[in-house]
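Participant: Sharing a structure below in structure tokens format, with a few things to ask.
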Amino acid sequence: MKDIRPRIRRVLQGSDADFALIMNTSYHDSNFTYLTGIYSGSFEGSVVIAEGESAKLITTQLDYGVAKDNPAKGLEVVCVNSRDEMLKNLKELKGKIVGINGNFLPYGAYNRLKKDILPKKIIDISGRFISARQVKEWDEIELIGIANNIVKKALSQIEGEFFSGMTEKELAKTFDSMMLDYGASSPSFETIVCFGANSAVPHHVPDNTKLSNNSFVLIDAGARYRGYCSDVTRTFIFKPEKKGSKYRKMLDIYNTVDAAQKAALERAVPDAYADTVHIAASDYINKAKGGMYAGKFTHALGHSVGIDVHDGPGFSPLSHYKLKERMVISNEPGIYIDGFGGVRIEDDLLILKKGSKYL
Ligand SMILES: [Mn+2]
């Protein structure tokens with residue numbers, strides 16, 4: 001059985017809040033998943049309140065069954081039949097300071113909540129959630145690992161599905177169904193497939209571009225497994241013309257990105273500052289080949305991966321925090337040449353007690 005108590009402890013330790021309150025609207029706050037361990041159901045309008053070492057989930061008939069089917073150590077489930085009953089539960093809370101996730105709760109819902117729980121004071125503890133979630137529990141890492149195995153298995157076999165003239169949309173569809181076959185509950189985000197020059201656009205949306213010989217195929221995808229995500233990118237060269245200059249250029253870009261990813265990996269160790277990992281990759285790219293690719297790595301090197309694909313802080317020039325064991329951060333350098341194409345290689349990195357490894 002899942003144990004949510006360490007998560008609650010991590011969120012509340014050192015916080016001014018007496019308890020944490022996460023309220024879903026028609027949207028779902030991923031901190032709700034974090035505090036309950038429940039990754040299915042909609043739980044629209046449901047509330048979870050975490051205090052001390054335990055959490056109380058207040059929900060309705062609609063999702064009560066799902067909640068009952070997903071018991072967790074430290075979690076109590078209460079079913080209410082009306083808004084009045086919900087309010088009664090909120091009013092019974094003893095503490096004076098309520099911590100909410102200000103990054104999620106819309107202004108209207110916040111105002112209603114404020115009235116409902118008067119005279120309690122509301123503070124924003126979104127930062128507590130971000131830092132708590134940045135260091136994963138081992139059971140979370142296991143699920144991110146499975147989500148990684150699924151996407152990597154599909155990526156290792158996808159080349160067999162390539163054919164001249166197919167569209168990016170067709171390949172994306174094939175890829176998604178492979179991930180589902182291998183156990184994903186869904187893609188963790190909309191699969192990115194880029195052919196040829198489209199690979200120079202980091203967040204290109206798959207369209208009807210047709211696959212032609214001697215061109216890049218970039219696939220950036222992830223699987224969701226029991227609420228946890230993976231995010232992996234591979235760049236292939238379809239039917240290369242190995243003697244041509246275009247191929248040599250593509251290969252050179254690829255090898256430069258690959259080496260940059262390895263340079264970053266070497267720096268990703270406990271107690272290193274996160275920005276130094278980004279800088280290792282960007283310096284490598286900027287200096288390679290006498291500066292031929294300077295300025296062509298145009299985004300941050302990585303982001304945390306967890307319940308959300310973009311789960312929190314990662315590797316960027318501004319991320320001046322120390323890496324800790326059990327953080328999971330993507331390592332995804334890229335080089336993008338407008339009108340020609342680009343390469344990105346991405347793996348999800350787990351920081352270990354010593355060093356780090358790819359999931
Ligand atoms: Mn990513």
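By order in the structure tokens, chains are A, B, ...; within a chain, residues start at 1; ligands start at 1, following the order shown.
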With a distance cut-off of 12 Å and only C-alpha atoms, select the neighbouring residues of A:Asn81, excluding the residue or stretch itself and same-chain residues fewer than 5 positions from it, and output the selection as a list in words.

Facilitator: Ser46, Ile58, Thr59, Thr60, Gln61, Leu62, Asp63, Tyr64, Met86, Leu87, Lys88 and Asn89 of chain A

Participant: As number ranges by chain, please: every residue in stretch 24-212 of chain A that a backbone DSSP assignment puts in helix (DSSP H, G or I).

Facilitator: A: 30-36, 61-69, 83-91, 107-116, 126-134, 138-161, 168-181, 196-200

Participant: Using only C-alpha atoms, which residue out of A:Ser212, A:Ser188, A:Ser282, A:Ser330 lies closest to A:Gly165?

Facilitator: A:Ser212

Participant: Which residue, A:Tyr228, A:Phe315, A:Phe216, A:Phe189, has the smallest gap to A:Ala272 when you use only C-alpha atoms?

Facilitator: A:Phe315

Participant: Smallest atom-to-atom distance to A:Lys114: which of A:Leu350, A:Met178, A:Leu90, A:Ile141, using only C-alpha atoms?

Facilitator: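 Going through A:Leu350, A:Met178, A:Leu90, A:Ile141 one by one, the smallest distance to A:Lys114 is for A:Leu90.
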
Participant: Could you give me, as a tab-separated table, every chain A residue with an atom at most 10 Å from ligand 1, plus its closest atom pair and distance in Å to one decimal, counting only C-alpha atoms and all ligand atoms, rows ordered by chain then number?

Facilitator:
```
residue	atom	partner	partner_atom_place_in_ligand_line	distance
A:Phe189	CA	ligand 1	1 (Mn)	10.0
A:Asp220	CA	ligand 1	1 (Mn)	7.6
A:Ala221	CA	ligand 1	1 (Mn)	8.3
A:Gly222	CA	ligand 1	1 (Mn)	8.7
A:Ser230	CA	ligand 1	1 (Mn)	8.6
A:Asp231	CA	ligand 1	1 (Mn)	5.3
A:Val232	CA	ligand 1	1 (Mn)	6.7
A:Thr233	CA	ligand 1	1 (Mn)	7.7
A:Ala300	CA	ligand 1	1 (Mn)	9.5
A:Leu301	CA	ligand 1	1 (Mn)	8.6
A:Gly302	CA	ligand 1	1 (Mn)	6.3
A:His303	CA	ligand 1	1 (Mn)	6.6
A:Ser304	CA	ligand 1	1 (Mn)	8.6
A:Val305	CA	ligand 1	1 (Mn)	8.1
A:Val309	CA	ligand 1	1 (Mn)	7.3
A:His310	CA	ligand 1	1 (Mn)	7.3
A:Ile329	CA	ligand 1	1 (Mn)	8.8
A:Ser330	CA	ligand 1	1 (Mn)	6.0
A:Asn331	CA	ligand 1	1 (Mn)	7.9
A:Glu332	CA	ligand 1	1 (Mn)	6.6
A:Pro333	CA	ligand 1	1 (Mn)	9.8
A:Arg344	CA	ligand 1	1 (Mn)	9.8
A:Ile345	CA	ligand 1	1 (Mn)	9.6
A:Glu346	CA	ligand 1	1 (Mn)	6.8
A:Asp347	CA	ligand 1	1 (Mn)	8.2
A:Asp348	CA	ligand 1	1 (Mn)	8.4
```

Participant: Just the selected residues (C-alpha atoms), exported as an mmCIF file, in the first residue's frame, please.

Facilitator:
```
data_model
loop_
_atom_site.group_PDB
_atom_site.id
_atom_site.type_symbol
_atom_site.label_atom_id
_atom_site.label_comp_id
_atom_site.auth_asym_id
_atom_site.auth_seq_id
_atom_site.Cartn_x
_atom_site.Cartn_y
_atom_site.Cartn_z
ATOM 1 C CA PHE A 189 1.902 14.946 -23.412
ATOM 2 C CA ASP A 220 9.860 13.729 -28.318
ATOM 3 C CA ALA A 221 7.393 11.695 -26.305
ATOM 4 C CA GLY A 222 6.475 10.329 -22.932
ATOM 5 C CA SER A 230 8.406 10.093 -18.677
ATOM 6 C CA ASP A 231 9.845 12.431 -21.310
ATOM 7 C CA VAL A 232 12.401 11.134 -23.809
ATOM 8 C CA THR A 233 13.599 12.417 -27.205
ATOM 9 C CA ALA A 300 16.906 25.178 -20.822
ATOM 10 C CA LEU A 301 18.709 21.861 -20.553
ATOM 11 C CA GLY A 302 16.010 20.194 -18.487
ATOM 12 C CA HIS A 303 13.055 20.185 -16.135
ATOM 13 C CA SER A 304 11.934 17.945 -13.284
ATOM 14 C CA VAL A 305 9.807 14.967 -14.303
ATOM 15 C CA VAL A 309 5.892 16.255 -17.289
ATOM 16 C CA HIS A 310 7.222 19.659 -16.307
ATOM 17 C CA ILE A 329 15.455 15.899 -14.156
ATOM 18 C CA SER A 330 15.519 15.663 -17.935
ATOM 19 C CA ASN A 331 18.848 16.140 -19.728
ATOM 20 C CA GLU A 332 17.890 17.435 -23.184
ATOM 21 C CA PRO A 333 20.370 19.513 -25.121
ATOM 22 C CA ARG A 344 17.556 16.945 -29.542
ATOM 23 C CA ILE A 345 18.444 14.004 -27.341
ATOM 24 C CA GLU A 346 16.617 13.667 -24.050
ATOM 25 C CA ASP A 347 16.774 11.263 -21.144
ATOM 26 C CA ASP A 348 15.396 11.459 -17.618
#
```

Participant: Have a look at A:Val193, A:Val343, A:Val11, A:Leu180 and name the one nearest to A:Thr209; count only C-alpha atoms.

Facilitator: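 Using only C-alpha atoms, A:Thr209 sits closest to A:Val193.
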
Participant: Could you write out, as number ranges by chain, all the residues of stretch 119-358 of chain A that DSSP marks as strand (DSSP E or B)?

Facilitator: A: 121-124, 135, 167, 186-187, 192-195, 210, 215-221, 223-225, 228-229, 232-238, 273, 302, 304, 315, 322, 327-331, 334-337, 341-344, 346-351, 356-358

Participant: Report, in Å to a single decimal, how far apart atom CA of A:Asn255 and atom CA of A:Leu171 are.

Facilitator: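 Atom CA of A:Asn255 lies 24.6 Å from atom CA of A:Leu171.
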
Participant: Can you tell me which residues surround stretch 268-270 of chain A at a distance of at most 7 Å, considering only C-alpha atoms, apart from same-chain residues fewer than 2 positions away, and format the answer as a list in words?

Facilitator: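 In the requested form, the answer reads Ala264, Leu265, Glu266, Ala272, Val277, Leu323, Lys324, Glu325, Ile351, Lys353, Lys354, Gly355 and Ser356 of chain A.
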
Participant: What does the file look like for those residues with N, CA and C atoms, as a PDB file, in the first residue's frame?

Facilitator:
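After the write, result.pdb holds the following:
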```pdb
ATOM      1  N   ALA A 264      26.991  17.121 -19.791  1.00  0.00           N
ATOM      2  CA  ALA A 264      26.044  17.500 -18.732  1.00  0.00           C
ATOM      3  C   ALA A 264      25.895  16.368 -17.720  1.00  0.00           C
ATOM      4  N   LEU A 265      25.789  15.148 -18.235  1.00  0.00           N
ATOM      5  CA  LEU A 265      25.630  13.977 -17.355  1.00  0.00           C
ATOM      6  C   LEU A 265      26.754  13.894 -16.328  1.00  0.00           C
ATOM      7  N   GLU A 266      27.974  14.164 -16.766  1.00  0.00           N
ATOM      8  CA  GLU A 266      29.124  14.096 -15.860  1.00  0.00           C
ATOM      9  C   GLU A 266      29.032  15.089 -14.707  1.00  0.00           C
ATOM     10  N   ALA A 272      26.145  19.396  -6.627  1.00  0.00           N
ATOM     11  CA  ALA A 272      26.510  20.315  -7.717  1.00  0.00           C
ATOM     12  C   ALA A 272      25.356  21.301  -7.886  1.00  0.00           C
ATOM     13  N   VAL A 277      25.197  22.337 -14.626  1.00  0.00           N
ATOM     14  CA  VAL A 277      24.902  21.224 -15.535  1.00  0.00           C
ATOM     15  C   VAL A 277      24.442  21.784 -16.886  1.00  0.00           C
ATOM     16  N   LEU A 323      21.790  20.081  -6.371  1.00  0.00           N
ATOM     17  CA  LEU A 323      21.152  18.809  -6.711  1.00  0.00           C
ATOM     18  C   LEU A 323      21.179  17.888  -5.503  1.00  0.00           C
ATOM     19  N   LYS A 324      20.089  17.115  -5.370  1.00  0.00           N
ATOM     20  CA  LYS A 324      19.992  16.183  -4.256  1.00  0.00           C
ATOM     21  C   LYS A 324      19.621  14.807  -4.762  1.00  0.00           C
ATOM     22  N   GLU A 325      20.017  13.805  -3.986  1.00  0.00           N
ATOM     23  CA  GLU A 325      19.652  12.431  -4.302  1.00  0.00           C
ATOM     24  C   GLU A 325      18.134  12.330  -4.472  1.00  0.00           C
ATOM     25  N   ILE A 351      19.212  11.550  -9.895  1.00  0.00           N
ATOM     26  CA  ILE A 351      20.392  11.857  -9.086  1.00  0.00           C
ATOM     27  C   ILE A 351      20.502  10.810  -7.989  1.00  0.00           C
ATOM     28  N   LYS A 353      22.983   8.811  -4.776  1.00  0.00           N
ATOM     29  CA  LYS A 353      23.825   9.215  -3.648  1.00  0.00           C
ATOM     30  C   LYS A 353      25.195   9.650  -4.168  1.00  0.00           C
ATOM     31  N   LYS A 354      25.686   8.874  -5.148  1.00  0.00           N
ATOM     32  CA  LYS A 354      26.927   9.265  -5.844  1.00  0.00           C
ATOM     33  C   LYS A 354      26.619   9.268  -7.327  1.00  0.00           C
ATOM     34  N   GLY A 355      26.836  10.377  -7.973  1.00  0.00           N
ATOM     35  CA  GLY A 355      26.603  10.434  -9.417  1.00  0.00           C
ATOM     36  C   GLY A 355      25.128  10.428  -9.780  1.00  0.00           C
ATOM     37  N   SER A 356      24.841   9.948 -10.949  1.00  0.00           N
ATOM     38  CA  SER A 356      23.453   9.920 -11.435  1.00  0.00           C
ATOM     39  C   SER A 356      23.337   8.867 -12.527  1.00  0.00           C
TER      40      SER A 356
END
```

Participant: Select, from A:Gly14, A:Gly145, A:Pro206, A:Gly295, the residue with the minimum atom-to-atom distance to A:Val328, counting only C-alpha atoms.

Facilitator: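 Using only C-alpha atoms, the shortest distance to A:Val328 belongs to A:Gly145.
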
Participant: A:Ile146, A:Ala288, A:Met23, A:Met327: which is nearest A:Ser131, counting only C-alpha atoms?

Facilitator: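 Selected residue with least distance to A:Ser131: A:Met327.
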